[in-house]
$ cat protein.pdb   # PDB, C-alpha atoms
ATOM      1  CA  MET A 285     -18.089 -22.779   7.170  1.00  0.00           C
ATOM      2  CA  GLU A 286     -15.247 -22.811   4.668  1.00  0.00           C
ATOM      3  CA  ARG A 287     -13.441 -19.551   3.816  1.00  0.00           C
ATOM      4  CA  ARG A 288     -14.732 -19.523   0.204  1.00  0.00           C
ATOM      5  CA  GLN A 289     -18.313 -20.100   1.370  1.00  0.00           C
ATOM      6  CA  LYS A 290     -18.035 -17.233   3.870  1.00  0.00           C
ATOM      7  CA  CYS A 291     -16.737 -14.963   1.130  1.00  0.00           C
ATOM      8  CA  GLN A 292     -19.574 -15.932  -1.232  1.00  0.00           C
ATOM      9  CA  LEU A 293     -22.155 -15.367   1.502  1.00  0.00           C
ATOM     10  CA  THR A 294     -20.698 -11.955   2.299  1.00  0.00           C
ATOM     11  CA  GLU A 295     -20.586 -10.973  -1.365  1.00  0.00           C
ATOM     12  CA  SER A 296     -24.221 -12.028  -1.812  1.00  0.00           C
ATOM     13  CA  VAL A 297     -25.236  -9.620   0.967  1.00  0.00           C
ATOM     14  CA  LEU A 298     -22.967  -6.704  -0.027  1.00  0.00           C
ATOM     15  CA  ALA A 299     -23.413  -6.910  -3.813  1.00  0.00           C
ATOM     16  CA  PRO A 300     -27.033  -5.654  -3.905  1.00  0.00           C
ATOM     17  CA  ALA A 301     -26.176  -2.655  -1.687  1.00  0.00           C
ATOM     18  CA  ALA A 302     -23.122  -1.875  -3.824  1.00  0.00           C
ATOM     19  CA  ASP A 303     -25.143  -2.204  -7.042  1.00  0.00           C
ATOM     20  CA  ASN A 304     -27.864   0.093  -5.669  1.00  0.00           C
ATOM     21  CA  TYR A 305     -25.271   2.655  -4.629  1.00  0.00           C
ATOM     22  CA  TYR A 306     -23.416   2.564  -7.962  1.00  0.00           C
ATOM     23  CA  LYS A 307     -26.663   2.863  -9.969  1.00  0.00           C
ATOM     24  CA  ALA A 308     -27.905   5.762  -7.837  1.00  0.00           C
ATOM     25  CA  HIS A 309     -24.609   7.614  -8.384  1.00  0.00           C
ATOM     26  CA  ASN A 310     -24.164   6.711 -12.083  1.00  0.00           C
ATOM     27  CA  ILE A 311     -20.907   4.874 -11.417  1.00  0.00           C
ATOM     28  CA  ASN A 312     -20.109   2.533 -14.295  1.00  0.00           C
ATOM     29  CA  PHE A 313     -17.306   0.072 -13.681  1.00  0.00           C
ATOM     30  CA  SER A 314     -17.584  -1.289 -17.221  1.00  0.00           C
ATOM     31  CA  SER A 315     -16.182   1.953 -18.679  1.00  0.00           C
ATOM     32  CA  ALA A 316     -12.517   2.130 -19.613  1.00  0.00           C
ATOM     33  CA  GLN A 317     -10.493   1.651 -16.438  1.00  0.00           C
ATOM     34  CA  GLU A 318      -8.203   4.614 -17.103  1.00  0.00           C
ATOM     35  CA  ASP A 319     -11.223   6.921 -17.505  1.00  0.00           C
ATOM     36  CA  PHE A 320     -12.551   5.709 -14.187  1.00  0.00           C
ATOM     37  CA  LEU A 321      -9.228   5.942 -12.344  1.00  0.00           C
ATOM     38  CA  ASN A 322      -8.316   9.351 -13.767  1.00  0.00           C
ATOM     39  CA  CYS A 323     -11.579  11.050 -12.871  1.00  0.00           C
ATOM     40  CA  GLU A 324     -11.232  13.880 -10.391  1.00  0.00           C
ATOM     41  CA  GLU A 325     -14.401  13.012  -8.510  1.00  0.00           C
ATOM     42  CA  ASP A 326     -13.504   9.911  -6.516  1.00  0.00           C
ATOM     43  CA  SER A 327     -15.500  10.459  -3.360  1.00  0.00           C
ATOM     44  CA  PHE A 328     -17.622   7.374  -3.977  1.00  0.00           C
ATOM     45  CA  LEU A 329     -17.949   4.362  -1.722  1.00  0.00           C
ATOM     46  CA  GLN A 330     -15.921   1.269  -2.399  1.00  0.00           C
ATOM     47  CA  PHE A 331     -17.069  -2.073  -1.056  1.00  0.00           C
ATOM     48  CA  LEU A 332     -14.530  -4.593   0.215  1.00  0.00           C
ATOM     49  CA  VAL A 333     -15.071  -8.092   1.503  1.00  0.00           C
ATOM     50  CA  GLY A 334     -12.393  -8.542   4.140  1.00  0.00           C
ATOM     51  CA  VAL A 335     -11.584 -12.196   4.465  1.00  0.00           C
ATOM     52  CA  ASP A 336      -9.208 -13.369   7.167  1.00  0.00           C
ATOM     53  CA  SER A 337      -6.004 -12.050   5.608  1.00  0.00           C
ATOM     54  CA  GLU A 338      -3.014  -9.834   6.295  1.00  0.00           C
ATOM     55  CA  THR A 339      -4.828  -6.858   4.732  1.00  0.00           C
ATOM     56  CA  SER A 340      -7.823  -7.370   6.997  1.00  0.00           C
ATOM     57  CA  ASP A 341      -5.510  -7.680   9.990  1.00  0.00           C
ATOM     58  CA  ILE A 342      -3.785  -4.398   9.089  1.00  0.00           C
ATOM     59  CA  ILE A 343      -7.134  -2.605   8.808  1.00  0.00           C
ATOM     60  CA  ARG A 344      -8.353  -4.131  12.085  1.00  0.00           C
ATOM     61  CA  ASP A 345      -5.140  -3.071  13.830  1.00  0.00           C
ATOM     62  CA  LEU A 346      -5.245   0.419  12.331  1.00  0.00           C
ATOM     63  CA  ILE A 347      -8.681   1.182  13.683  1.00  0.00           C
ATOM     64  CA  GLY A 348      -8.552  -1.092  16.719  1.00  0.00           C
ATOM     65  CA  LEU A 349     -11.298  -3.560  15.804  1.00  0.00           C
ATOM     66  CA  ASP A 350     -12.064  -6.730  17.706  1.00  0.00           C
ATOM     67  CA  ASP A 351     -11.838 -10.051  15.881  1.00  0.00           C
ATOM     68  CA  VAL A 352     -15.627 -10.311  15.944  1.00  0.00           C
ATOM     69  CA  MET A 353     -17.192 -11.782  12.825  1.00  0.00           C
ATOM     70  CA  PRO A 354     -19.324 -11.062  10.941  1.00  0.00           C
ATOM     71  CA  LEU A 355     -18.691  -7.346  11.029  1.00  0.00           C
ATOM     72  CA  LEU A 356     -19.716  -4.442   8.807  1.00  0.00           C
ATOM     73  CA  VAL A 357     -17.512  -1.364   8.981  1.00  0.00           C
ATOM     74  CA  ALA A 358     -17.467   1.899   7.046  1.00  0.00           C
ATOM     75  CA  ILE A 359     -13.969   3.368   6.869  1.00  0.00           C
ATOM     76  CA  ASP A 360     -13.675   7.008   5.788  1.00  0.00           C
ATOM     77  CA  LEU A 361      -9.934   7.364   5.191  1.00  0.00           C
ATOM     78  CA  PRO A 362      -9.947  10.989   3.906  1.00  0.00           C
ATOM     79  CA  ASN A 363     -11.730  12.104   7.083  1.00  0.00           C
ATOM     80  CA  ARG A 364      -9.803   9.653   9.314  1.00  0.00           C
ATOM     81  CA  ARG A 365     -12.864   8.036  10.865  1.00  0.00           C
ATOM     82  CA  PHE A 366     -14.862   4.836  10.842  1.00  0.00           C
ATOM     83  CA  ALA A 367     -18.236   3.495  11.926  1.00  0.00           C
ATOM     84  CA  ILE A 368     -19.256  -0.020  12.886  1.00  0.00           C
ATOM     85  CA  MET A 369     -22.667  -1.559  12.330  1.00  0.00           C
ATOM     86  CA  GLU A 370     -24.117  -2.177  15.752  1.00  0.00           C
ATOM     87  CA  TYR A 371     -23.104  -5.567  17.154  1.00  0.00           C
ATOM     88  CA  GLY A 372     -25.947  -8.068  17.235  1.00  0.00           C
ATOM     89  CA  ILE A 373     -27.744  -6.760  14.148  1.00  0.00           C
ATOM     90  CA  GLU A 374     -28.013  -9.465  11.518  1.00  0.00           C
ATOM     91  CA  ILE A 375     -26.144  -8.512   8.352  1.00  0.00           C
ATOM     92  CA  THR A 376     -28.744  -8.792   5.596  1.00  0.00           C
ATOM     93  CA  ASN A 377     -29.406  -6.978   2.318  1.00  0.00           C
ATOM     94  CA  GLU A 378     -31.790  -4.668   4.163  1.00  0.00           C
ATOM     95  CA  SER A 379     -29.491  -3.893   7.090  1.00  0.00           C
ATOM     96  CA  VAL A 380     -26.556  -3.235   4.732  1.00  0.00           C
ATOM     97  CA  ASN A 381     -28.689  -0.877   2.610  1.00  0.00           C
ATOM     98  CA  GLU A 382     -29.792   0.931   5.770  1.00  0.00           C
ATOM     99  CA  PHE A 383     -26.176   1.206   6.959  1.00  0.00           C
ATOM    100  CA  VAL A 384     -25.062   2.648   3.588  1.00  0.00           C
ATOM    101  CA  THR A 385     -27.963   5.125   3.627  1.00  0.00           C
ATOM    102  CA  LYS A 386     -27.025   6.271   7.133  1.00  0.00           C
ATOM    103  CA  LEU A 387     -23.397   6.588   6.026  1.00  0.00           C
ATOM    104  CA  GLN A 388     -24.398   8.832   3.135  1.00  0.00           C
ATOM    105  CA  ARG A 389     -26.536  10.987   5.448  1.00  0.00           C
ATOM    106  CA  ASN A 390     -23.628  11.181   7.902  1.00  0.00           C
ATOM    107  CA  ASP A 391     -25.983   9.601  10.424  1.00  0.00           C
ATOM    108  CA  LEU A 392     -23.637   6.976  11.877  1.00  0.00           C
ATOM    109  CA  LYS A 393     -21.673   7.090  15.107  1.00  0.00           C
ATOM    110  CA  PHE A 394     -18.169   7.711  13.790  1.00  0.00           C
ATOM    111  CA  ILE A 395     -14.955   7.025  15.675  1.00  0.00           C
ATOM    112  CA  ASP A 396     -11.854   9.038  14.831  1.00  0.00           C
ATOM    113  CA  ILE A 397      -8.732   7.328  13.550  1.00  0.00           C
ATOM    114  CA  THR A 398      -6.246   9.217  15.700  1.00  0.00           C
ATOM    115  CA  ASP A 399      -2.469   9.310  15.503  1.00  0.00           C
ATOM    116  CA  GLU A 400      -2.428   7.604  18.911  1.00  0.00           C
ATOM    117  CA  ARG A 401      -4.564   4.760  17.533  1.00  0.00           C
ATOM    118  CA  VAL A 402      -2.176   4.341  14.571  1.00  0.00           C
ATOM    119  CA  GLU A 403       0.892   4.449  16.847  1.00  0.00           C
ATOM    120  CA  ALA A 404      -0.694   1.880  19.156  1.00  0.00           C
ATOM    121  CA  SER A 405      -1.297  -0.441  16.199  1.00  0.00           C
ATOM    122  CA  ASP A 406       2.340   0.025  15.113  1.00  0.00           C
ATOM    123  CA  ASN A 407       3.536  -0.889  18.615  1.00  0.00           C
ATOM    124  CA  ASN A 408       1.341  -4.004  18.679  1.00  0.00           C
ATOM    125  CA  SER A 409       2.775  -5.311  15.392  1.00  0.00           C
TER     126      SER A 409
END
$ encode --input "protein.pdb" --output "structure tokens"
Amino acid sequence: MERRQKCQLTESVLAPAADNYYKAHNINFSSAQEDFLNCEEDSFLQFLVGVDSETSDIIRDLIGLDDVMPLLVAIDLPNRRFAIMEYGIEITNESVNEFVTKLQRNDLKFIDITDERVEASDNNS
């Protein structure tokens, strides 16, 4: 499957979960960008489709992820932790919504992003 097709497929699965989340939390991305960026309350989820790129590689190295694809990961940078959707579960609209719900309930198995993990990724670069 071509890179663009993979990206479109991923977006088609993540977009409904992101839309549901944004609607439920009254997040409006069509408002003026400076109003959105200057708001004090920024503890909302952001959804990122990580194609095979340098940015994705940096994130994978930072948290020590395998090169397994497809993969759904929640990264909580302020709390220095991440959670991975269980390997083998098909990534569908329903499974993504369930994953996001569990994330919001703090009901995922989180792994700490430790200084040792970051140093190890620096040494592997």
$ closest_residue --input "protein.pdb" --among "A:Pro300, A:Gly348, A:Pro354, A:Pro362" --to "Asn377 (chain A)" --atoms "all atoms listed in the file"
A:Pro300
$ atom_distance --input "protein.pdb" --atom1 "CA of Leu332 (chain A)" --atom2 "CA of Glu400 (chain A)"
25.4 Å
$ closest_residue --input "protein.pdb" --among "A:Val333, A:Leu298, A:Ile395, A:Leu346" --to "Asn381 (chain A)" --atoms "only C-alpha atoms"
A:Leu298
$ closest_residue --input "protein.pdb" --among "A:Leu387, A:Ala367, A:Ile397, A:Ile375" --to "Met353 (chain A)" --atoms "only C-alpha atoms"
A:Ile375
$ atom_distance --input "protein.pdb" --atom1 "CA of Met369 (chain A)" --atom2 "CA of Ser337 (chain A)"
20.8 Å
$ residues_around --input "protein.pdb" --residues "Tyr306 (chain A)" --least-positions-apart "6" --cutoff "10 Å" --atoms "all atoms listed in the file" --output "number ranges by chain"
A: 300, 312-313, 328-330
$ atom_distance --input "protein.pdb" --atom1 "CA of Leu293 (chain A)" --atom2 "CA of Glu382 (chain A)"
18.5 Å
$ residues_around --input "protein.pdb" --residues "Gly334 (chain A)" --least-positions-apart "3" --cutoff "10 Å" --atoms "all atoms listed in the file" --output "ChimeraX atom specification"
/A:291,294,331,337-341,343-344,355-356
$ closest_residue --input "protein.pdb" --among "A:Asp345, A:Gln292, A:Val380, A:Lys393" --to "Arg365 (chain A)" --atoms "only C-alpha atoms"
A:Lys393
